[in-house]
$ cat protein.json   # JSON, C-alpha atoms
[["chain", "number", "residue", "atom", "x", "y", "z"],
["A", 14, "MET", "CA", -36.80, 26.24, -22.58],
["A", 15, "ASN", "CA", -35.74, 24.01, -25.41],
["A", 16, "PRO", "CA", -34.00, 20.66, -24.74],
["A", 17, "PHE", "CA", -30.68, 21.96, -26.05],
["A", 18, "ARG", "CA", -30.62, 24.76, -23.49],
["A", 19, "ILE", "CA", -31.47, 22.35, -20.70],
["A", 20, "ILE", "CA", -28.58, 20.10, -21.69],
["A", 21, "VAL", "CA", -26.17, 23.02, -21.81],
["A", 22, "LEU", "CA", -27.34, 24.15, -18.38],
["A", 23, "ILE", "CA", -26.84, 20.67, -16.90],
["A", 24, "MET", "CA", -23.38, 20.43, -18.41],
["A", 25, "ALA", "CA", -22.44, 23.84, -17.04],
["A", 26, "LEU", "CA", -23.68, 22.83, -13.61],
["A", 27, "ALA", "CA", -21.78, 19.56, -13.68],
["A", 28, "LEU", "CA", -18.64, 21.37, -14.70],
["A", 29, "SER", "CA", -18.92, 23.92, -11.93],
["A", 30, "VAL", "CA", -19.44, 21.16, -9.36],
["A", 31, "SER", "CA", -16.39, 19.23, -10.49],
["A", 32, "VAL", "CA", -14.27, 22.38, -10.56],
["A", 33, "SER", "CA", -15.25, 23.36, -7.04],
["A", 34, "ALA", "CA", -14.65, 19.79, -5.86],
["A", 35, "GLN", "CA", -11.13, 20.00, -7.21],
["A", 36, "LEU", "CA", -10.50, 23.31, -5.54],
["A", 37, "ALA", "CA", -11.76, 22.22, -2.15],
["A", 38, "PRO", "CA", -8.64, 22.04, -0.01],
["A", 39, "VAL", "CA", -8.16, 18.71, 1.70],
["A", 40, "GLN", "CA", -5.03, 19.81, 3.44],
["A", 41, "GLU", "CA", -4.63, 21.59, 6.69],
["A", 42, "PRO", "CA", -2.72, 24.90, 6.43],
["A", 43, "MET", "CA", 0.99, 24.39, 6.90],
["A", 44, "LYS", "CA", 3.83, 26.79, 7.48],
["A", 45, "PHE", "CA", 6.96, 26.70, 5.39],
["A", 46, "ASP", "CA", 10.28, 28.48, 5.67],
["A", 47, "ASN", "CA", 10.25, 29.46, 2.01],
["A", 48, "PRO", "CA", 8.22, 28.98, -1.18],
["A", 49, "GLN", "CA", 10.65, 26.35, -2.51],
["A", 50, "GLN", "CA", 9.93, 24.22, 0.51],
["A", 51, "GLU", "CA", 6.21, 24.50, -0.12],
["A", 52, "GLU", "CA", 6.76, 23.59, -3.75],
["A", 53, "ARG", "CA", 8.72, 20.49, -2.71],
["A", 54, "PHE", "CA", 5.99, 19.57, -0.22],
["A", 55, "ASN", "CA", 3.31, 19.80, -2.90],
["A", 56, "HIS", "CA", 5.43, 17.79, -5.28],
["A", 57, "LEU", "CA", 6.23, 15.06, -2.75],
["A", 58, "THR", "CA", 2.68, 14.61, -1.52],
["A", 59, "ARG", "CA", 1.56, 14.19, -5.12],
["A", 60, "GLU", "CA", 4.22, 11.54, -5.75],
["A", 61, "LEU", "CA", 3.41, 9.50, -2.66],
["A", 62, "ARG", "CA", 0.47, 7.15, -2.49],
["A", 63, "CYS", "CA", -2.06, 7.13, 0.29],
["A", 64, "LEU", "CA", -2.04, 3.52, 1.50],
["A", 65, "VAL", "CA", -5.62, 3.66, 2.72],
["A", 66, "CYS", "CA", -7.25, 4.87, -0.48],
["A", 67, "GLN", "CA", -4.76, 3.31, -2.80],
["A", 68, "ASN", "CA", -5.74, 5.23, -5.88],
["A", 69, "GLN", "CA", -5.21, 8.60, -4.28],
["A", 70, "ASN", "CA", -2.01, 10.40, -3.51],
["A", 71, "LEU", "CA", -1.18, 11.93, -0.15],
["A", 72, "ALA", "CA", -2.13, 15.41, -1.33],
["A", 73, "ASP", "CA", -5.66, 14.42, -2.33],
["A", 74, "SER", "CA", -6.56, 11.95, 0.36],
["A", 75, "ASP", "CA", -8.57, 12.87, 3.41],
["A", 76, "ALA", "CA", -7.79, 9.64, 5.27],
["A", 77, "GLN", "CA", -6.36, 9.93, 8.77],
["A", 78, "LEU", "CA", -3.18, 8.19, 7.66],
["A", 79, "ALA", "CA", -2.74, 10.71, 4.84],
["A", 80, "HIS", "CA", -3.06, 13.55, 7.37],
["A", 81, "ASP", "CA", -0.40, 11.97, 9.55],
["A", 82, "LEU", "CA", 1.92, 11.22, 6.67],
["A", 83, "ARG", "CA", 1.57, 14.77, 5.32],
["A", 84, "ALA", "CA", 2.52, 16.04, 8.77],
["A", 85, "GLU", "CA", 5.48, 13.66, 8.72],
["A", 86, "VAL", "CA", 6.61, 14.91, 5.28],
["A", 87, "HIS", "CA", 6.20, 18.48, 6.45],
["A", 88, "GLU", "CA", 8.25, 17.87, 9.56],
["A", 89, "MET", "CA", 11.06, 16.20, 7.64],
["A", 90, "LEU", "CA", 11.13, 19.07, 5.13],
["A", 91, "ILE", "CA", 11.43, 21.64, 7.89],
["A", 92, "ALA", "CA", 14.17, 19.52, 9.46],
["A", 93, "GLY", "CA", 16.11, 19.88, 6.22],
["A", 94, "LYS", "CA", 15.76, 16.35, 4.84],
["A", 95, "SER", "CA", 16.18, 15.87, 1.11],
["A", 96, "ASP", "CA", 13.40, 14.61, -1.17],
["A", 97, "ASP", "CA", 15.21, 11.29, -1.54],
["A", 98, "GLU", "CA", 15.53, 10.88, 2.21],
["A", 99, "ILE", "CA", 11.82, 11.52, 2.64],
["A", 100, "LYS", "CA", 10.91, 9.05, -0.09],
["A", 101, "GLN", "CA", 13.26, 6.48, 1.46],
["A", 102, "PHE", "CA", 11.53, 6.99, 4.83],
["A", 103, "MET", "CA", 8.23, 6.05, 3.20],
["A", 104, "VAL", "CA", 9.64, 3.12, 1.21],
["A", 105, "ASP", "CA", 11.31, 1.68, 4.33],
["A", 106, "ARG", "CA", 7.92, 1.52, 5.98],
["A", 107, "TYR", "CA", 5.42, 0.92, 3.24],
["A", 108, "GLY", "CA", 7.46, -0.55, 0.38],
["A", 109, "ASP", "CA", 7.87, 0.62, -3.21],
["A", 110, "PHE", "CA", 4.11, 0.64, -3.56],
["A", 111, "VAL", "CA", 4.03, 4.01, -1.79],
["A", 112, "LEU", "CA", 5.77, 5.61, -4.77],
["A", 113, "TYR", "CA", 3.53, 6.51, -7.67],
["A", 114, "ARG", "CA", 6.58, 6.49, -9.92],
["A", 115, "PRO", "CA", 8.13, 3.06, -9.38],
["A", 116, "PRO", "CA", 11.95, 2.96, -9.38],
["A", 117, "VAL", "CA", 13.82, 1.10, -12.12],
["A", 118, "GLN", "CA", 15.07, -2.04, -10.41],
["A", 119, "GLU", "CA", 15.09, -5.81, -10.81],
["A", 120, "ASN", "CA", 11.42, -6.47, -10.18],
["A", 121, "THR", "CA", 10.17, -3.46, -12.16],
["A", 122, "PHE", "CA", 12.43, -4.08, -15.13],
["A", 123, "LEU", "CA", 9.65, -5.60, -17.19],
["A", 124, "LEU", "CA", 7.35, -2.71, -16.35],
["A", 125, "TRP", "CA", 9.79, -0.14, -17.68],
["A", 126, "LEU", "CA", 11.12, -2.21, -20.57],
["A", 127, "ALA", "CA", 7.84, -3.66, -21.90],
["A", 128, "PRO", "CA", 6.58, -0.51, -23.68],
["A", 129, "MET", "CA", 9.89, -0.09, -25.51],
["A", 130, "VAL", "CA", 9.97, -3.78, -26.47],
["A", 131, "LEU", "CA", 6.39, -3.60, -27.71],
["A", 132, "LEU", "CA", 7.12, -0.45, -29.70],
["A", 133, "LEU", "CA", 10.20, -2.01, -31.26],
["A", 134, "GLY", "CA", 8.29, -5.22, -32.03],
["A", 135, "GLY", "CA", 5.52, -3.21, -33.65],
["A", 136, "ALA", "CA", 8.02, -1.30, -35.77],
["A", 137, "ILE", "CA", 9.64, -4.53, -36.94],
["A", 138, "ILE", "CA", 6.30, -6.12, -37.85],
["A", 139, "LEU", "CA", 5.27, -2.96, -39.68],
["A", 140, "ARG", "CA", 8.52, -2.99, -41.65],
["A", 141, "VAL", "CA", 8.08, -6.62, -42.63],
["A", 142, "ILE", "CA", 4.52, -6.00, -43.81],
["A", 143, "ILE", "CA", 5.49, -2.93, -45.81],
["A", 144, "LYS", "CA", 8.35, -4.81, -47.45],
["A", 145, "LYS", "CA", 6.08, -7.70, -48.37],
["A", 146, "ARG", "CA", 3.45, -5.43, -49.85],
["A", 147, "THR", "CA", 6.01, -3.46, -51.82],
["A", 148, "ALA", "CA", 7.43, -6.67, -53.22],
["A", 149, "LEU", "CA", 3.92, -7.85, -54.01],
["A", 150, "LEU", "CA", 3.06, -4.63, -55.82],
["A", 151, "ALA", "CA", 6.29, -4.67, -57.80],
["A", 152, "SER", "CA", 5.68, -8.20, -59.01],
["A", 153, "ALA", "CA", 2.00, -7.61, -59.76],
["A", 154, "PRO", "CA", 1.11, -7.51, -63.46],
["A", 155, "ASP", "CA", -0.05, -4.16, -64.84],
["A", 156, "ASP", "CA", -3.21, -5.78, -66.02],
["A", 157, "GLU", "CA", -5.72, -5.35, -63.19],
["A", 158, "THR", "CA", -7.61, -8.50, -64.04],
["A", 159, "GLY", "CA", -4.50, -10.66, -64.01],
["A", 160, "ASP", "CA", -3.71, -12.99, -61.12],
["A", 161, "ARG", "CA", -1.14, -11.84, -58.67],
["A", 162, "THR", "CA", 1.71, -14.11, -57.90],
["A", 163, "ALA", "CA", 3.85, -13.56, -54.88],
["B", 2, "MET", "CA", -3.90, -19.47, -42.00],
["B", 3, "ASN", "CA", -1.08, -17.70, -40.23],
["B", 4, "SER", "CA", -2.71, -14.32, -40.56],
["B", 5, "ARG", "CA", -5.78, -15.61, -38.71],
["B", 6, "ILE", "CA", -3.97, -17.36, -35.90],
["B", 7, "ILE", "CA", -1.63, -14.52, -34.97],
["B", 8, "PRO", "CA", -4.36, -12.03, -33.95],
["B", 9, "LEU", "CA", -6.09, -14.82, -32.04],
["B", 10, "LEU", "CA", -2.89, -15.63, -30.17],
["B", 11, "GLY", "CA", -2.42, -11.94, -29.47],
["B", 12, "PHE", "CA", -5.93, -11.75, -28.10],
["B", 13, "LEU", "CA", -5.41, -14.81, -25.90],
["B", 14, "ALA", "CA", -2.16, -13.35, -24.58],
["B", 15, "LEU", "CA", -4.07, -10.19, -23.68],
["B", 16, "VAL", "CA", -6.74, -12.23, -21.87],
["B", 17, "VAL", "CA", -4.06, -14.06, -19.87],
["B", 18, "LEU", "CA", -2.44, -10.73, -19.00],
["B", 19, "LEU", "CA", -5.76, -9.26, -17.83],
["B", 20, "VAL", "CA", -6.65, -12.31, -15.72],
["B", 21, "VAL", "CA", -3.23, -12.29, -14.06],
["B", 22, "GLY", "CA", -3.46, -8.54, -13.58],
["B", 23, "LEU", "CA", -6.88, -8.74, -11.98],
["B", 24, "ASN", "CA", -5.69, -11.44, -9.60],
["B", 25, "ILE", "CA", -2.76, -9.29, -8.57],
["B", 26, "ALA", "CA", -5.07, -6.31, -8.10],
["B", 27, "ASP", "CA", -7.19, -8.48, -5.86],
["B", 28, "ARG", "CA", -4.23, -9.18, -3.62],
["B", 29, "LYS", "CA", -2.93, -5.63, -3.58],
["B", 30, "THR", "CA", -4.46, -5.01, -0.18],
["B", 31, "ASN", "CA", -2.03, -7.60, 1.11],
["B", 32, "LEU", "CA", 1.20, -5.89, 0.25],
["B", 33, "PRO", "CA", 4.40, -7.49, 1.41],
["B", 34, "SER", "CA", 5.87, -5.50, 4.23],
["B", 35, "PRO", "CA", 9.38, -4.23, 3.66],
["B", 36, "LEU", "CA", 9.90, -4.78, 7.38],
["B", 37, "ILE", "CA", 9.93, -8.58, 7.27],
["B", 38, "ASP", "CA", 13.33, -9.86, 8.44],
["B", 39, "LYS", "CA", 14.26, -6.36, 9.54],
["B", 40, "PRO", "CA", 14.66, -5.16, 13.12],
["B", 41, "ALA", "CA", 11.36, -4.00, 14.57],
["B", 42, "PRO", "CA", 11.16, -0.20, 14.87],
["B", 43, "GLU", "CA", 12.27, 1.28, 18.17],
["B", 44, "PHE", "CA", 9.52, 2.34, 20.52],
["B", 45, "ASP", "CA", 9.18, 3.52, 24.07],
["B", 46, "LEU", "CA", 5.52, 3.83, 24.87],
["B", 47, "GLN", "CA", 3.31, 4.51, 27.80],
["B", 48, "VAL", "CA", 1.34, 1.58, 29.16],
["B", 49, "LEU", "CA", -2.36, 2.09, 28.50],
["B", 50, "ALA", "CA", -4.04, 3.93, 31.37],
["B", 51, "ARG", "CA", -0.83, 3.82, 33.41],
["B", 52, "PRO", "CA", 0.97, 7.04, 32.47],
["B", 53, "ASP", "CA", 3.95, 6.41, 34.76],
["B", 54, "GLU", "CA", 4.89, 3.09, 33.22],
["B", 55, "LYS", "CA", 6.70, 2.73, 29.96],
["B", 56, "VAL", "CA", 7.65, -0.25, 27.82],
["B", 57, "SER", "CA", 10.32, -0.11, 25.15],
["B", 58, "LYS", "CA", 11.44, -2.48, 22.45],
["B", 59, "GLU", "CA", 14.56, -3.29, 24.51],
["B", 60, "SER", "CA", 12.51, -4.37, 27.52],
["B", 61, "LEU", "CA", 10.70, -6.93, 25.35],
["B", 62, "LEU", "CA", 13.84, -8.54, 23.90],
["B", 63, "GLY", "CA", 14.56, -12.16, 24.72],
["B", 64, "LYS", "CA", 11.19, -13.69, 23.94],
["B", 65, "PRO", "CA", 9.00, -13.91, 20.87],
["B", 66, "TYR", "CA", 6.02, -11.58, 20.98],
["B", 67, "LEU", "CA", 3.08, -10.55, 18.89],
["B", 68, "VAL", "CA", 2.32, -6.88, 18.28],
["B", 69, "ASN", "CA", -1.35, -6.37, 17.55],
["B", 70, "PHE", "CA", -2.30, -2.86, 16.38],
["B", 71, "TRP", "CA", -5.87, -2.03, 17.26],
["B", 72, "GLY", "CA", -8.21, 0.84, 18.13],
["B", 73, "SER", "CA", -11.62, 1.11, 19.67],
["B", 74, "TRP", "CA", -12.67, 2.90, 16.47],
["B", 75, "CYS", "CA", -11.79, -0.13, 14.37],
["B", 76, "VAL", "CA", -14.67, -2.42, 13.50],
["B", 77, "THR", "CA", -12.48, -5.22, 12.19],
["B", 78, "CYS", "CA", -10.55, -5.26, 15.47],
["B", 79, "ARG", "CA", -13.78, -6.15, 17.21],
["B", 80, "ALA", "CA", -14.33, -8.95, 14.69],
["B", 81, "GLU", "CA", -10.83, -10.30, 15.25],
["B", 82, "HIS", "CA", -11.04, -10.04, 19.04],
["B", 83, "PRO", "CA", -12.29, -13.62, 19.67],
["B", 84, "VAL", "CA", -9.31, -15.02, 17.75],
["B", 85, "VAL", "CA", -6.84, -12.95, 19.77],
["B", 86, "THR", "CA", -8.58, -14.07, 22.94],
["B", 87, "GLN", "CA", -8.40, -17.71, 21.90],
["B", 88, "LEU", "CA", -4.70, -17.32, 21.10],
["B", 89, "ALA", "CA", -4.09, -15.63, 24.46],
["B", 90, "LYS", "CA", -5.69, -18.58, 26.25],
["B", 91, "LEU", "CA", -3.12, -20.94, 24.73],
["B", 92, "ASN", "CA", -0.46, -18.95, 26.55],
["B", 93, "LYS", "CA", 2.09, -19.73, 23.87],
["B", 94, "VAL", "CA", 3.13, -16.25, 22.84],
["B", 95, "TYR", "CA", 3.33, -12.91, 24.62],
["B", 96, "ILE", "CA", 0.82, -10.52, 23.07],
["B", 97, "VAL", "CA", 1.38, -6.77, 23.01],
["B", 98, "GLY", "CA", -1.77, -4.77, 22.32],
["B", 99, "MET", "CA", -0.79, -1.63, 20.46],
["B", 100, "ASN", "CA", -3.66, 0.79, 20.92],
["B", 101, "PHE", "CA", -3.13, 3.53, 18.34],
["B", 102, "ARG", "CA", -4.81, 6.83, 17.47],
["B", 103, "ASP", "CA", -7.28, 6.25, 20.24],
["B", 104, "GLU", "CA", -8.57, 7.86, 23.41],
["B", 105, "THR", "CA", -7.49, 6.15, 26.62],
["B", 106, "ALA", "CA", -11.02, 6.12, 28.04],
["B", 107, "ASP", "CA", -12.42, 4.54, 24.87],
["B", 108, "ALA", "CA", -9.67, 1.93, 24.78],
["B", 109, "VAL", "CA", -10.11, 0.98, 28.43],
["B", 110, "ALA", "CA", -13.88, 0.74, 28.01],
["B", 111, "TRP", "CA", -13.42, -1.45, 24.92],
["B", 112, "LEU", "CA", -11.14, -3.86, 26.78],
["B", 113, "LYS", "CA", -13.51, -3.96, 29.73],
["B", 114, "ARG", "CA", -16.49, -4.65, 27.54],
["B", 115, "TRP", "CA", -15.05, -7.36, 25.29],
["B", 116, "GLY", "CA", -12.30, -8.72, 27.54],
["B", 117, "ASN", "CA", -8.59, -8.00, 27.55],
["B", 118, "PRO", "CA", -6.54, -10.61, 25.70],
["B", 119, "TYR", "CA", -3.28, -8.67, 25.90],
["B", 120, "ASP", "CA", -0.34, -9.39, 28.17],
["B", 121, "ILE", "CA", 0.41, -5.70, 28.00],
["B", 122, "SER", "CA", -1.36, -2.78, 26.32],
["B", 123, "LEU", "CA", 0.61, 0.18, 25.03],
["B", 124, "SER", "CA", -0.66, 3.58, 23.93],
["B", 125, "ASP", "CA", 0.45, 5.01, 20.63],
["B", 126, "PHE", "CA", -1.65, 8.16, 20.87],
["B", 127, "ASP", "CA", -0.40, 10.03, 17.83],
["B", 128, "GLY", "CA", 0.23, 6.92, 15.74],
["B", 129, "ARG", "CA", 3.96, 7.61, 15.40],
["B", 130, "VAL", "CA", 4.93, 4.04, 16.19],
["B", 131, "SER", "CA", 2.24, 2.75, 13.85],
["B", 132, "ILE", "CA", 3.83, 4.78, 11.05],
["B", 133, "ASP", "CA", 7.24, 3.32, 11.90],
["B", 134, "PHE", "CA", 5.71, -0.16, 11.64],
["B", 135, "GLY", "CA", 4.21, 0.80, 8.27],
["B", 136, "VAL", "CA", 0.68, 0.22, 9.53],
["B", 137, "TYR", "CA", -1.90, 1.56, 7.12],
["B", 138, "ALA", "CA", -4.95, -0.37, 8.11],
["B", 139, "ALA", "CA", -6.22, -1.83, 11.33],
["B", 140, "PRO", "CA", -5.82, -4.37, 12.64],
["B", 141, "GLU", "CA", -2.30, -5.34, 11.73],
["B", 142, "THR", "CA", -0.30, -7.98, 13.53],
["B", 143, "PHE", "CA", 3.47, -8.49, 13.67],
["B", 144, "LEU", "CA", 5.42, -11.42, 15.06],
["B", 145, "VAL", "CA", 8.76, -10.38, 16.55],
["B", 146, "ASP", "CA", 11.47, -12.91, 17.41],
["B", 147, "PRO", "CA", 13.59, -12.85, 20.61],
["B", 148, "SER", "CA", 16.28, -10.76, 18.90],
["B", 149, "GLY", "CA", 13.74, -8.07, 18.03],
["B", 150, "THR", "CA", 13.38, -8.93, 14.33],
["B", 151, "ILE", "CA", 10.02, -8.93, 12.59],
["B", 152, "VAL", "CA", 9.47, -12.39, 11.12],
["B", 153, "PHE", "CA", 5.85, -12.24, 10.05],
["B", 154, "LYS", "CA", 3.14, -9.70, 9.42],
["B", 155, "HIS", "CA", -0.57, -10.15, 8.94],
["B", 156, "LEU", "CA", -2.67, -7.38, 7.51],
["B", 157, "GLY", "CA", -6.31, -7.15, 8.47],
["B", 158, "GLN", "CA", -8.42, -9.44, 10.53],
["B", 159, "LEU", "CA", -6.53, -12.25, 12.23],
["B", 160, "THR", "CA", -8.12, -15.64, 11.61],
["B", 161, "TRP", "CA", -7.53, -18.89, 13.39],
["B", 162, "GLU", "CA", -6.05, -20.32, 10.16],
["B", 163, "VAL", "CA", -3.37, -17.63, 10.25],
["B", 164, "VAL", "CA", -2.69, -18.32, 13.92],
["B", 165, "GLU", "CA", -2.39, -22.06, 13.33],
["B", 166, "ASN", "CA", -0.53, -22.01, 10.01],
["B", 167, "GLU", "CA", 1.65, -18.93, 10.28],
["B", 168, "ILE", "CA", 2.08, -17.73, 13.83],
["B", 169, "LEU", "CA", 2.22, -20.78, 16.09],
["B", 170, "PRO", "CA", 4.65, -22.81, 13.90],
["B", 171, "ARG", "CA", 7.03, -19.83, 13.86],
["B", 172, "VAL", "CA", 6.80, -19.39, 17.61],
["B", 173, "GLU", "CA", 7.46, -23.09, 18.18],
["B", 174, "LYS", "CA", 10.45, -22.95, 15.88],
["B", 175, "MET", "CA", 11.90, -20.03, 17.82],
["B", 176, "GLU", "CA", 11.37, -21.80, 21.09],
["B", 177, "SER", "CA", 13.00, -25.05, 19.94],
["B", 178, "GLY", "CA", 15.84, -23.09, 18.38],
["B", 179, "SER", "CA", 16.80, -21.21, 21.51]]
$ encode --input "protein.json" --output "structure tokens"
Amino acid sequence: MNPFRIIVLIMALALSVSVSAQLAPVQEPMKFDNPQQEERFNHLTRELRCLVCQNQNLADSDAQLAHDLRAEVHEMLIAGKSDDEIKQFMVDRYGDFVLYRPPVQENTFLLWLAPMVLLLGGAIILRVIIKKRTALLASAPDDETGDRTA
Amino acid sequence: MNSRIIPLLGFLALVVLLVVGLNIADRKTNLPSPLIDKPAPEFDLQVLARPDEKVSKESLLGKPYLVNFWGSWCVTCRAEHPVVTQLAKLNKVYIVGMNFRDETADAVAWLKRWGNPYDISLSDFDGRVSIDFGVYAAPETFLVDPSGTIVFKHLGQLTWEVVENEILPRVEKMESGS
């Protein structure tokens, strides 16, 4: 077997492993009244953070707490609670940190505003540079060997 | 001159941002509890190994108390145990042992083996009360004032520094205030 084939084989194997790892269900089977409810459950558990493994969401985590919190979300859904009520339940207990999508409020203002400010700043700087260069080019002598004066 | 300094300043700003960010990331395990200065969650739990007896939040009102969440499965709880024992010996604050997500037999054996520092031990079998307290690691310790409000929370292993600097001064303040 030539080295190229070996590499391809290894890559294919690695890919199949990662795919099957993603498909492995972490969650216990749950019953829902209707498909919409299940959809909301899947959405919510992806939006909520598992506090034990802080870089995983509730849907992916296999921690005991994640199991319990999934059961809690499920129960509240069946009881007819809205998505906002369920999120509020979590925030009341664990703080904003439990939400993967932080709310726009006083202490997250910078977080939400910073990218826009940076983008705007970049645009302004770019404009200034372009203007300068254009002015420079316009005032430059046609003769390529001549000195440029700004 | 200017064109050389500006990128450098930008770079330094980035370094500062990263250092600050890393320090925050380091502390992220110690999240502020949204429950501080809020009423402690309601509970009505069975006393450990005494199924006929129950203790509720109401029955504990009127005195400051410490709620210590622990489990026999929790290694850090074992490490913190001497500190809780030392605090119990001072007899300055009522300590509620909140045994959660545990088997009664295991919990009783644990207390027998290492000693029981708790004034009362409650069983939170399914962890419902621990969820209401926003517990996500063990051990976690809450200080509740006589009106039933949470005034302080410590996440993770309790150390004597925390007892001396955070818990005891607050308890003394409550006692002198009432």
$ closest_atom_pairs --input "protein.json" --of "chain A" --to "chain B" --cutoff "7 Å" --atoms "only C-alpha atoms" --output "Markdown table"
| residue | atom | partner | partner_atom | distance |
| --- | --- | --- | --- | --- |
| A:Leu64 | CA | B:Tyr137 | CA | 6.0 |
| A:Val65 | CA | B:Tyr137 | CA | 6.1 |
| A:Leu78 | CA | B:Tyr137 | CA | 6.8 |
| A:Asp105 | CA | B:Pro35 | CA | 6.3 |
| A:Arg106 | CA | B:Gly135 | CA | 4.4 |
| A:Tyr107 | CA | B:Gly135 | CA | 5.2 |
| A:Gly108 | CA | B:Pro35 | CA | 5.3 |
$ atom_distance --input "protein.json" --atom1 "atom CA of B:Gln87" --atom2 "atom CA of B:Asp38"
26.7 Å
$ closest_residue --input "protein.json" --among "B:Leu112, B:Val76, B:Tyr66, B:Leu15" --to "B:Phe153" --atoms "all atoms listed in the file"
B:Tyr66
$ closest_residue --input "protein.json" --among "B:Trp161, B:Phe70, B:Tyr119, B:Phe44" --to "B:Asp103" --atoms "only C-alpha atoms"
B:Phe70
$ atom_distance --input "protein.json" --atom1 "atom CA of B:Ala108" --atom2 "atom CA of B:Gly72"
6.9 Å
$ closest_residue --input "protein.json" --among "B:Leu49, B:Val130, B:Leu62, B:Leu144" --to "B:Ile96" --atoms "all atoms listed in the file"
B:Leu144
$ atom_distance --input "protein.json" --atom1 "atom CA of A:Asn68" --atom2 "atom CA of B:Leu19"
18.8 Å
$ closest_residue --input "protein.json" --among "B:Val152, B:Val97, B:Ala106, B:Leu91" --to "B:Leu46" --atoms "all atoms listed in the file"
B:Val97
$ axis_aligned_box --input "protein.json" --around "stretch 37-52 of chain B" --padding-each-side "8 Å" --output "AutoDock Vina command-line options"
--center_x 5.3 --center_y -1.4 --center_z 20.3 --size_x 34.7 --size_y 32.9 --size_z 42.1
$ residues_around --input "protein.json" --residues "A:Asp46" --least-positions-apart "3" --cutoff "10 Å" --atoms "all atoms listed in the file" --output "PyMOL selection string"
chain A and resi 49-51+90-91
$ residues_near_point --input "protein.json" --point "(-12.4, -13.4, 14.2)" --cutoff "7 Å" --atoms "all atoms listed in the file" --output "PyMOL selection string"
chain B and resi 80-84+158-160
$ write_last_selection --input "protein.json" --atoms "C-alpha atoms" --output "PDB file, keeping the file's coordinate frame"
ATOM      1  CA  ALA B  80     -14.330  -8.950  14.690  1.00  0.00           C
ATOM      2  CA  GLU B  81     -10.830 -10.300  15.250  1.00  0.00           C
ATOM      3  CA  HIS B  82     -11.040 -10.040  19.040  1.00  0.00           C
ATOM      4  CA  PRO B  83     -12.290 -13.620  19.670  1.00  0.00           C
ATOM      5  CA  VAL B  84      -9.310 -15.020  17.750  1.00  0.00           C
ATOM      6  CA  GLN B 158      -8.420  -9.440  10.530  1.00  0.00           C
ATOM      7  CA  LEU B 159      -6.530 -12.250  12.230  1.00  0.00           C
ATOM      8  CA  THR B 160      -8.120 -15.640  11.610  1.00  0.00           C
TER       9      THR B 160
END
$ residues_around --input "protein.json" --residues "B:Ala50" --least-positions-apart "2" --cutoff "9 Å" --atoms "only C-alpha atoms" --output "PDB file with C-alpha atoms, in the frame of the given file"
ATOM      1  CA  GLN B  47       3.310   4.510  27.800  1.00  0.00           C
ATOM      2  CA  VAL B  48       1.340   1.580  29.160  1.00  0.00           C
ATOM      3  CA  PRO B  52       0.970   7.040  32.470  1.00  0.00           C
ATOM      4  CA  THR B 105      -7.490   6.150  26.620  1.00  0.00           C
ATOM      5  CA  ALA B 106     -11.020   6.120  28.040  1.00  0.00           C
ATOM      6  CA  ALA B 108      -9.670   1.930  24.780  1.00  0.00           C
ATOM      7  CA  VAL B 109     -10.110   0.980  28.430  1.00  0.00           C
ATOM      8  CA  SER B 122      -1.360  -2.780  26.320  1.00  0.00           C
ATOM      9  CA  LEU B 123       0.610   0.180  25.030  1.00  0.00           C
ATOM     10  CA  SER B 124      -0.660   3.580  23.930  1.00  0.00           C
TER      11      SER B 124
END
$ decode --input "protein.json" --residues "stretch 98-118 of chain B" --atoms "C-alpha atoms" --output "PDB file, in the first residue's frame"
ATOM      1  CA  GLY B  98     -25.865  19.026  56.333  1.00  0.00           C
ATOM      2  CA  MET B  99     -27.646  18.734  53.016  1.00  0.00           C
ATOM      3  CA  ASN B 100     -26.953  15.236  51.763  1.00  0.00           C
ATOM      4  CA  PHE B 101     -27.910  15.237  48.093  1.00  0.00           C
ATOM      5  CA  ARG B 102     -28.125  12.642  45.318  1.00  0.00           C
ATOM      6  CA  ASP B 103     -26.932  10.024  47.735  1.00  0.00           C
ATOM      7  CA  GLU B 104     -27.974   6.705  49.216  1.00  0.00           C
ATOM      8  CA  THR B 105     -29.021   6.849  52.866  1.00  0.00           C
ATOM      9  CA  ALA B 106     -26.836   3.879  53.821  1.00  0.00           C
ATOM     10  CA  ASP B 107     -23.774   5.437  52.175  1.00  0.00           C
ATOM     11  CA  ALA B 108     -24.407   8.785  53.822  1.00  0.00           C
ATOM     12  CA  VAL B 109     -24.873   7.273  57.280  1.00  0.00           C
ATOM     13  CA  ALA B 110     -21.735   5.172  56.884  1.00  0.00           C
ATOM     14  CA  TRP B 111     -19.774   8.252  55.768  1.00  0.00           C
ATOM     15  CA  LEU B 112     -20.865  10.233  58.827  1.00  0.00           C
ATOM     16  CA  LYS B 113     -20.078   7.315  61.106  1.00  0.00           C
ATOM     17  CA  ARG B 114     -16.658   6.848  59.622  1.00  0.00           C
ATOM     18  CA  TRP B 115     -15.463  10.464  59.546  1.00  0.00           C
ATOM     19  CA  GLY B 116     -17.619  11.950  62.295  1.00  0.00           C
ATOM     20  CA  ASN B 117     -20.829  13.933  62.077  1.00  0.00           C
ATOM     21  CA  PRO B 118     -20.290  17.692  62.294  1.00  0.00           C
TER      22      PRO B 118
END
